[in-house]
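J.: I'm passing along entry.cif; it holds mmCIF, N, CA and C atoms.
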data_my_file
loop_
_atom_site.label_atom_id
_atom_site.label_comp_id
_atom_site.auth_asym_id
_atom_site.auth_seq_id
_atom_site.Cartn_x
_atom_site.Cartn_y
_atom_site.Cartn_z
N MET T 56 12.19 3.59 -0.25
CA MET T 56 10.83 3.27 -0.63
C MET T 56 10.55 3.70 -2.07
N GLU T 57 11.60 4.09 -2.78
CA GLU T 57 11.39 4.58 -4.14
C GLU T 57 11.05 3.47 -5.12
N PHE T 58 11.26 2.21 -4.73
CA PHE T 58 10.99 1.10 -5.64
C PHE T 58 9.61 0.49 -5.43
N ILE T 59 8.80 1.06 -4.55
CA ILE T 59 7.50 0.46 -4.26
C ILE T 59 6.57 0.65 -5.46
N ASP T 60 6.01 -0.44 -5.91
CA ASP T 60 4.99 -0.40 -6.95
C ASP T 60 3.66 -0.30 -6.22
N ARG T 61 3.17 0.89 -6.06
CA ARG T 61 1.97 1.10 -5.24
C ARG T 61 0.73 0.45 -5.82
N LYS T 62 0.74 0.16 -7.11
CA LYS T 62 -0.43 -0.50 -7.72
C LYS T 62 -0.62 -1.90 -7.18
N ARG T 63 0.45 -2.54 -6.72
CA ARG T 63 0.35 -3.90 -6.21
C ARG T 63 -0.08 -3.95 -4.75
N LEU T 64 -0.07 -2.82 -4.06
CA LEU T 64 -0.45 -2.79 -2.66
C LEU T 64 -1.96 -2.72 -2.53
N SER T 65 -2.45 -3.08 -1.36
CA SER T 65 -3.89 -2.96 -1.10
C SER T 65 -4.27 -1.48 -1.07
N PHE T 66 -5.57 -1.23 -1.19
CA PHE T 66 -6.04 0.15 -1.19
C PHE T 66 -5.66 0.85 0.11
N PHE T 67 -5.83 0.15 1.24
CA PHE T 67 -5.51 0.79 2.51
C PHE T 67 -4.01 1.06 2.64
N ALA T 68 -3.18 0.14 2.15
CA ALA T 68 -1.73 0.37 2.22
C ALA T 68 -1.34 1.58 1.38
N GLN T 69 -1.95 1.73 0.21
CA GLN T 69 -1.68 2.89 -0.62
C GLN T 69 -2.10 4.17 0.10
N GLU T 70 -3.28 4.15 0.69
CA GLU T 70 -3.79 5.32 1.41
C GLU T 70 -2.93 5.63 2.63
N PHE T 71 -2.54 4.58 3.35
CA PHE T 71 -1.72 4.75 4.56
C PHE T 71 -0.39 5.41 4.22
N ILE T 72 0.28 4.93 3.18
CA ILE T 72 1.59 5.48 2.81
C ILE T 72 1.44 6.90 2.29
N SER T 73 0.40 7.18 1.52
CA SER T 73 0.23 8.55 1.01
C SER T 73 -0.16 9.53 2.11
N ASN T 74 -0.89 9.07 3.13
CA ASN T 74 -1.30 9.97 4.22
C ASN T 74 -0.14 10.33 5.14
N VAL T 75 0.60 9.34 5.60
CA VAL T 75 1.63 9.61 6.60
C VAL T 75 3.01 9.84 5.99
N GLY T 76 3.19 9.55 4.73
CA GLY T 76 4.49 9.75 4.09
C GLY T 76 5.30 8.47 4.07
N ASP T 77 6.23 8.39 3.13
CA ASP T 77 7.01 7.17 2.94
C ASP T 77 7.85 6.80 4.16
N ALA T 78 8.62 7.75 4.66
CA ALA T 78 9.55 7.44 5.76
C ALA T 78 8.81 7.07 7.04
N VAL T 79 7.76 7.81 7.36
CA VAL T 79 6.98 7.52 8.58
C VAL T 79 6.27 6.18 8.43
N ALA T 80 5.69 5.92 7.27
CA ALA T 80 5.01 4.64 7.04
C ALA T 80 6.00 3.48 7.17
N TYR T 81 7.19 3.66 6.66
CA TYR T 81 8.24 2.63 6.74
C TYR T 81 8.55 2.31 8.20
N ARG T 82 8.75 3.35 9.02
CA ARG T 82 9.09 3.12 10.43
C ARG T 82 7.93 2.50 11.20
N ILE T 83 6.72 2.94 10.94
CA ILE T 83 5.55 2.38 11.64
C ILE T 83 5.33 0.93 11.24
N MET T 84 5.48 0.63 9.94
CA MET T 84 5.29 -0.76 9.49
C MET T 84 6.36 -1.68 10.05
N ARG T 85 7.59 -1.18 10.22
CA ARG T 85 8.63 -2.00 10.83
C ARG T 85 8.30 -2.31 12.28
N ALA T 86 7.67 -1.37 12.98
CA ALA T 86 7.40 -1.54 14.41
C ALA T 86 6.16 -2.37 14.67
N VAL T 87 5.06 -2.07 14.01
CA VAL T 87 3.79 -2.73 14.33
C VAL T 87 3.06 -3.23 13.10
N GLY T 88 3.77 -3.57 12.04
CA GLY T 88 3.14 -4.05 10.82
C GLY T 88 2.39 -5.35 11.02
N GLY T 89 1.23 -5.45 10.39
CA GLY T 89 0.42 -6.66 10.47
C GLY T 89 -0.54 -6.67 11.65
N LEU T 90 -0.68 -5.56 12.35
CA LEU T 90 -1.56 -5.50 13.52
C LEU T 90 -2.67 -4.49 13.33
N TRP T 91 -3.79 -4.75 13.98
CA TRP T 91 -4.86 -3.76 14.10
C TRP T 91 -4.54 -2.95 15.34
N VAL T 92 -4.47 -1.64 15.21
CA VAL T 92 -4.16 -0.78 16.36
C VAL T 92 -5.18 0.33 16.46
N MET T 93 -5.45 0.73 17.69
CA MET T 93 -6.33 1.86 17.96
C MET T 93 -5.45 3.10 18.11
N VAL T 94 -5.66 4.07 17.24
CA VAL T 94 -4.85 5.29 17.28
C VAL T 94 -5.47 6.23 18.30
N PRO T 95 -4.66 6.72 19.26
CA PRO T 95 -5.21 7.63 20.27
C PRO T 95 -5.52 9.00 19.67
N GLU T 96 -6.28 9.79 20.42
CA GLU T 96 -6.62 11.13 19.95
C GLU T 96 -5.39 12.04 19.96
N HIS T 97 -4.55 11.88 20.97
CA HIS T 97 -3.33 12.68 21.09
C HIS T 97 -2.15 11.75 21.33
N ALA T 98 -0.98 12.19 20.96
CA ALA T 98 0.23 11.40 21.19
C ALA T 98 0.60 11.48 22.67
N ASP T 99 0.33 10.41 23.41
CA ASP T 99 0.68 10.39 24.83
C ASP T 99 1.52 9.17 25.14
N LYS T 100 2.18 9.19 26.27
CA LYS T 100 3.12 8.13 26.63
C LYS T 100 2.45 6.84 27.06
N SER T 101 1.15 6.87 27.35
CA SER T 101 0.48 5.68 27.90
C SER T 101 -0.08 4.75 26.83
N SER T 102 -0.11 5.16 25.59
CA SER T 102 -0.73 4.33 24.55
C SER T 102 0.21 3.21 24.12
N TYR T 103 -0.39 2.18 23.52
CA TYR T 103 0.37 1.03 23.02
C TYR T 103 1.36 1.47 21.94
N LEU T 104 0.92 2.35 21.06
CA LEU T 104 1.78 2.78 19.95
C LEU T 104 3.00 3.56 20.43
N SER T 105 2.85 4.31 21.52
CA SER T 105 3.98 5.12 21.99
C SER T 105 5.13 4.25 22.49
N LYS T 106 4.83 3.01 22.83
CA LYS T 106 5.89 2.10 23.27
C LYS T 106 6.69 1.54 22.09
N HIS T 107 6.12 1.63 20.89
CA HIS T 107 6.76 1.02 19.73
C HIS T 107 7.26 2.01 18.68
N ILE T 108 6.68 3.19 18.63
CA ILE T 108 7.13 4.20 17.67
C ILE T 108 7.42 5.50 18.41
N ASP T 109 8.23 6.36 17.80
CA ASP T 109 8.59 7.59 18.49
C ASP T 109 7.45 8.61 18.45
N ASN T 110 7.59 9.65 19.24
CA ASN T 110 6.51 10.61 19.44
C ASN T 110 6.18 11.39 18.17
N ALA T 111 7.18 11.71 17.36
CA ALA T 111 6.93 12.46 16.13
C ALA T 111 6.08 11.64 15.15
N ASP T 112 6.42 10.35 15.01
CA ASP T 112 5.64 9.49 14.12
C ASP T 112 4.22 9.28 14.64
N LEU T 113 4.10 9.16 15.96
CA LEU T 113 2.77 8.99 16.56
C LEU T 113 1.92 10.24 16.36
N THR T 114 2.53 11.41 16.43
CA THR T 114 1.80 12.66 16.21
C THR T 114 1.26 12.72 14.79
N ILE T 115 2.07 12.34 13.81
CA ILE T 115 1.62 12.32 12.42
C ILE T 115 0.50 11.32 12.23
N LEU T 116 0.62 10.16 12.85
CA LEU T 116 -0.42 9.13 12.77
C LEU T 116 -1.72 9.63 13.39
N CYS T 117 -1.62 10.32 14.52
CA CYS T 117 -2.81 10.85 15.20
C CYS T 117 -3.50 11.93 14.37
N GLN T 118 -2.73 12.70 13.61
CA GLN T 118 -3.33 13.74 12.77
C GLN T 118 -4.25 13.15 11.71
N HIS T 119 -3.90 11.98 11.21
CA HIS T 119 -4.68 11.38 10.12
C HIS T 119 -5.71 10.36 10.59
N TYR T 120 -5.43 9.66 11.68
CA TYR T 120 -6.29 8.54 12.08
C TYR T 120 -6.70 8.61 13.55
N ALA T 121 -6.90 9.79 14.11
CA ALA T 121 -7.25 9.92 15.53
C ALA T 121 -8.55 9.18 15.83
N LYS T 122 -8.55 8.41 16.91
CA LYS T 122 -9.71 7.65 17.40
C LYS T 122 -10.20 6.61 16.40
N GLU T 123 -9.33 6.13 15.54
CA GLU T 123 -9.72 5.11 14.58
C GLU T 123 -8.94 3.83 14.84
N LYS T 124 -9.57 2.71 14.53
CA LYS T 124 -8.89 1.43 14.58
C LYS T 124 -8.41 1.15 13.15
N ILE T 125 -7.10 1.03 12.99
CA ILE T 125 -6.54 0.85 11.65
C ILE T 125 -5.70 -0.41 11.59
N TYR T 126 -5.56 -0.94 10.39
CA TYR T 126 -4.66 -2.06 10.14
C TYR T 126 -3.38 -1.50 9.55
N VAL T 127 -2.27 -1.77 10.20
CA VAL T 127 -0.97 -1.32 9.70
C VAL T 127 -0.44 -2.41 8.76
N PRO T 128 -0.17 -2.08 7.50
CA PRO T 128 0.30 -3.09 6.55
C PRO T 128 1.59 -3.75 7.00
N LYS T 129 1.79 -4.98 6.56
CA LYS T 129 3.00 -5.72 6.93
C LYS T 129 4.21 -5.15 6.20
N TYR T 130 5.27 -5.03 6.95
CA TYR T 130 6.51 -4.47 6.40
C TYR T 130 7.19 -5.45 5.44
N ASP T 131 7.18 -6.73 5.78
CA ASP T 131 7.98 -7.69 5.02
C ASP T 131 7.55 -7.80 3.56
N ARG T 132 6.26 -7.66 3.30
CA ARG T 132 5.80 -7.75 1.91
C ARG T 132 6.34 -6.58 1.08
N ILE T 133 6.30 -5.40 1.66
CA ILE T 133 6.80 -4.23 0.95
C ILE T 133 8.32 -4.28 0.85
N ALA T 134 8.99 -4.79 1.88
CA ALA T 134 10.45 -4.91 1.84
C ALA T 134 10.88 -5.88 0.75
N LYS T 135 10.15 -6.97 0.57
CA LYS T 135 10.47 -7.92 -0.50
C LYS T 135 10.27 -7.28 -1.86
N GLN T 136 9.24 -6.48 -1.98
CA GLN T 136 8.98 -5.81 -3.25
C GLN T 136 10.12 -4.85 -3.59
N VAL T 137 10.61 -4.12 -2.59
CA VAL T 137 11.74 -3.21 -2.80
C VAL T 137 12.99 -3.99 -3.16
N ARG T 138 13.27 -5.08 -2.43
CA ARG T 138 14.44 -5.92 -2.70
C ARG T 138 14.40 -6.48 -4.12
N ASN T 139 13.25 -7.00 -4.53
CA ASN T 139 13.12 -7.59 -5.86
C ASN T 139 13.33 -6.54 -6.96
N ALA T 140 12.82 -5.34 -6.74
CA ALA T 140 13.02 -4.28 -7.73
C ALA T 140 14.49 -3.89 -7.83
N LYS T 141 15.18 -3.85 -6.69
CA LYS T 141 16.61 -3.54 -6.71
C LYS T 141 17.39 -4.63 -7.44
N ILE T 142 17.02 -5.89 -7.22
CA ILE T 142 17.70 -7.00 -7.91
C ILE T 142 17.51 -6.88 -9.41
N ARG T 143 16.28 -6.63 -9.85
CA ARG T 143 16.02 -6.49 -11.28
C ARG T 143 16.79 -5.31 -11.88
N ALA T 144 16.85 -4.20 -11.13
CA ALA T 144 17.55 -3.01 -11.63
C ALA T 144 19.06 -3.26 -11.73
N LEU T 145 19.64 -3.90 -10.73
CA LEU T 145 21.08 -4.19 -10.77
C LEU T 145 21.42 -5.15 -11.91
N ARG T 146 20.56 -6.11 -12.15
CA ARG T 146 20.79 -7.08 -13.24
C ARG T 146 20.65 -6.38 -14.59
N ARG T 147 19.60 -5.59 -14.74
CA ARG T 147 19.31 -4.95 -16.02
C ARG T 147 20.28 -3.79 -16.31
N ASP T 148 20.48 -2.90 -15.34
CA ASP T 148 21.25 -1.68 -15.60
C ASP T 148 22.75 -1.86 -15.43
N ASP T 149 23.17 -2.60 -14.41
CA ASP T 149 24.59 -2.73 -14.12
C ASP T 149 25.18 -4.07 -14.55
N GLY T 150 24.34 -5.01 -14.97
CA GLY T 150 24.81 -6.29 -15.46
C GLY T 150 25.41 -7.20 -14.40
N TRP T 151 24.93 -7.11 -13.19
CA TRP T 151 25.44 -7.98 -12.11
C TRP T 151 25.15 -9.43 -12.44
N GLU T 152 26.08 -10.31 -12.07
CA GLU T 152 25.90 -11.74 -12.27
C GLU T 152 24.97 -12.30 -11.20
N ILE T 153 24.41 -13.48 -11.50
CA ILE T 153 23.48 -14.13 -10.58
C ILE T 153 24.14 -14.42 -9.23
N LYS T 154 25.36 -14.94 -9.26
CA LYS T 154 26.05 -15.27 -8.01
C LYS T 154 26.30 -14.03 -7.17
N ARG T 155 26.68 -12.95 -7.81
CA ARG T 155 26.95 -11.71 -7.07
C ARG T 155 25.67 -11.17 -6.43
N LEU T 156 24.56 -11.22 -7.17
CA LEU T 156 23.28 -10.78 -6.61
C LEU T 156 22.87 -11.64 -5.42
N ALA T 157 23.05 -12.96 -5.56
CA ALA T 157 22.68 -13.87 -4.47
C ALA T 157 23.51 -13.60 -3.22
N LEU T 158 24.80 -13.38 -3.39
CA LEU T 158 25.65 -13.08 -2.24
C LEU T 158 25.33 -11.72 -1.63
N HIS T 159 25.09 -10.74 -2.46
CA HIS T 159 24.81 -9.39 -1.97
C HIS T 159 23.52 -9.33 -1.15
N PHE T 160 22.49 -10.02 -1.61
CA PHE T 160 21.20 -9.98 -0.92
C PHE T 160 20.98 -11.17 0.02
N ALA T 161 21.97 -12.04 0.13
CA ALA T 161 21.91 -13.21 1.03
C ALA T 161 20.70 -14.09 0.74
N ILE T 162 20.52 -14.40 -0.54
CA ILE T 162 19.44 -15.31 -0.96
C ILE T 162 20.05 -16.34 -1.90
N SER T 163 19.27 -17.35 -2.24
CA SER T 163 19.78 -18.41 -3.11
C SER T 163 19.79 -17.94 -4.57
N GLU T 164 20.64 -18.60 -5.35
CA GLU T 164 20.70 -18.28 -6.78
C GLU T 164 19.38 -18.61 -7.46
N ARG T 165 18.74 -19.68 -7.03
CA ARG T 165 17.46 -20.07 -7.61
C ARG T 165 16.41 -18.98 -7.40
N LEU T 166 16.43 -18.36 -6.22
CA LEU T 166 15.49 -17.27 -5.95
C LEU T 166 15.80 -16.06 -6.82
N VAL T 167 17.06 -15.79 -7.06
CA VAL T 167 17.43 -14.68 -7.95
C VAL T 167 16.92 -14.96 -9.36
N PHE T 168 17.08 -16.20 -9.84
CA PHE T 168 16.54 -16.57 -11.15
C PHE T 168 15.04 -16.34 -11.20
N TYR T 169 14.35 -16.73 -10.14
CA TYR T 169 12.90 -16.56 -10.08
C TYR T 169 12.52 -15.07 -10.11
N ILE T 170 13.25 -14.25 -9.37
CA ILE T 170 12.93 -12.83 -9.29
C ILE T 170 13.14 -12.13 -10.63
N ILE T 171 14.24 -12.43 -11.31
CA ILE T 171 14.51 -11.73 -12.56
C ILE T 171 13.79 -12.35 -13.75
N GLY T 172 13.14 -13.48 -13.53
CA GLY T 172 12.32 -14.07 -14.58
C GLY T 172 13.07 -14.94 -15.56
N GLU T 173 14.28 -15.35 -15.22
CA GLU T 173 15.03 -16.27 -16.07
C GLU T 173 14.94 -17.66 -15.46
N SER T 174 15.08 -18.66 -16.29
CA SER T 174 15.02 -20.03 -15.79
C SER T 174 16.43 -20.58 -15.63
N PRO T 175 16.77 -21.13 -14.45
CA PRO T 175 18.11 -21.68 -14.26
C PRO T 175 18.35 -22.96 -15.05
N ASN T 176 17.31 -23.71 -15.33
CA ASN T 176 17.43 -24.98 -16.04
C ASN T 176 16.50 -24.97 -17.24
N PRO T 177 16.90 -25.59 -18.34
CA PRO T 177 15.96 -25.70 -19.45
C PRO T 177 14.80 -26.60 -19.06
N PRO T 178 13.66 -26.45 -19.69
CA PRO T 178 12.52 -27.30 -19.33
C PRO T 178 12.82 -28.77 -19.56
N ALA T 179 12.30 -29.60 -18.72
CA ALA T 179 12.52 -31.05 -18.83
C ALA T 179 11.80 -31.59 -20.06
N ASN T 180 12.38 -32.64 -20.65
CA ASN T 180 11.80 -33.24 -21.85
C ASN T 180 10.99 -34.48 -21.52
N PHE T 181 10.32 -34.47 -20.43
CA PHE T 181 9.49 -35.63 -20.09
C PHE T 181 8.17 -35.15 -19.52
N ASP T 182 7.21 -36.04 -19.61
CA ASP T 182 5.88 -35.74 -19.09
C ASP T 182 5.77 -36.32 -17.69
N LEU T 183 4.79 -35.88 -16.96
CA LEU T 183 4.59 -36.35 -15.59
C LEU T 183 4.29 -37.84 -15.55
N PHE T 184 3.65 -38.37 -16.59
CA PHE T 184 3.22 -39.77 -16.58
C PHE T 184 4.06 -40.65 -17.51
N ASP T 185 5.27 -40.24 -17.86
CA ASP T 185 6.13 -41.03 -18.74
C ASP T 185 6.52 -42.38 -18.14
N HIS T 186 6.58 -42.46 -16.85
CA HIS T 186 7.03 -43.69 -16.21
C HIS T 186 5.95 -44.78 -16.22
N LEU T 187 4.71 -44.43 -16.55
CA LEU T 187 3.63 -45.41 -16.56
C LEU T 187 3.63 -46.19 -17.88
N PRO T 188 3.29 -47.47 -17.83
CA PRO T 188 3.22 -48.25 -19.09
C PRO T 188 2.03 -47.77 -19.93
N PRO T 189 2.14 -47.93 -21.26
CA PRO T 189 1.04 -47.48 -22.15
C PRO T 189 -0.21 -48.32 -22.02
#
Take the structure I supplied and represent it as structure tokens, if you would.
T.:
Amino acid sequence: MEFIDRKRLSFFAQEFISNVGDAVAYRIMRAVGGLWVMVPEHADKSSYLSKHIDNADLTILCQHYAKEKIYVPKYDRIAKQVRNAKIRALRRDDGWEIKRLALHFAISERLVFYIIGESPNPPANFDLFDHLPP
């Protein structure tokens, strides 16, 4: 989670990660990200959250949000942010080629070009309406 640009996250996501910690937030977001959940007063086996996260993580969550209904941020958005930062760092610092990055992260070369901000093709030399008669 060291690559997370917290300025790009919502206010609640920033607060959530700072309250429960990076590792706990990561595990909770993987389990129930994108859902509104009611946090119980105590970590017990009968709650919805106890079926999806372990007791230690639930205890930490209960300490900060007991008896509150909270929205758990989506994991995939933060995971993409981490992946994109790693791609940029490998390209910039280690000089990895586009094909190697695409194979390593199992994405297309075009997506790697988009992430690092380079264009795979030079801009086209035609206008949208060139095919129309004058």
J.: Name the residues that the PyMOL selection byres ((chain T and resi 85-90) around 8) picks from the file above, as a list in words, using the file's chain letters and numbers.
T.: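 Applying the expression gives Val79, Ala80, Tyr81, Arg82, Ile83, Met84, Trp91, Val92, Met93, His107, Ile108, Ile125, Tyr126, Val127, Pro128, Lys129, Tyr130 and Asp131 of chain T.
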J.: Determine the residue set returned by the PyMOL selection byres (((chain T and resi 157-167 and name CA) around 10) and name CA) for the present structure, and present it as number ranges by chain.
T.: T: 138-139, 141-143, 146, 152-156, 168-176
J.: Taking (0.8, 5.6, 17.3) in the file's coordinates as the center, which residues reach within 5 Å of it, counting all atoms listed in the file, put as a PDB file with N, CA and C atoms, in the coordinates of the input?
T.:
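Saved to result-v9.pdb:
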ATOM      1  N   LEU T 104       0.920   2.350  21.060  1.00  0.00           N
ATOM      2  CA  LEU T 104       1.780   2.780  19.950  1.00  0.00           C
ATOM      3  C   LEU T 104       3.000   3.560  20.430  1.00  0.00           C
ATOM      4  N   SER T 105       2.850   4.310  21.520  1.00  0.00           N
ATOM      5  CA  SER T 105       3.980   5.120  21.990  1.00  0.00           C
ATOM      6  C   SER T 105       5.130   4.250  22.490  1.00  0.00           C
ATOM      7  N   LEU T 113       4.100   9.160  15.960  1.00  0.00           N
ATOM      8  CA  LEU T 113       2.770   8.990  16.560  1.00  0.00           C
ATOM      9  C   LEU T 113       1.920  10.240  16.360  1.00  0.00           C
TER      10      LEU T 113
END
J.: Could you tell me how far atom CA of Leu116 of chain T sits from atom CA of Ser65 of chain T, in Å to one decimal place?
T.: 18.7 Å
J.: Could you name the residues that touch Glu96 of chain T at 5 Å or less, counting only N, CA and C atoms, but leaving out those on the same chain fewer than 2 positions away, as a list in words?
T.: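 So, after excluding close chain neighbours, the residues are Val94, Ala98, Ala121 and Lys122 of chain T.
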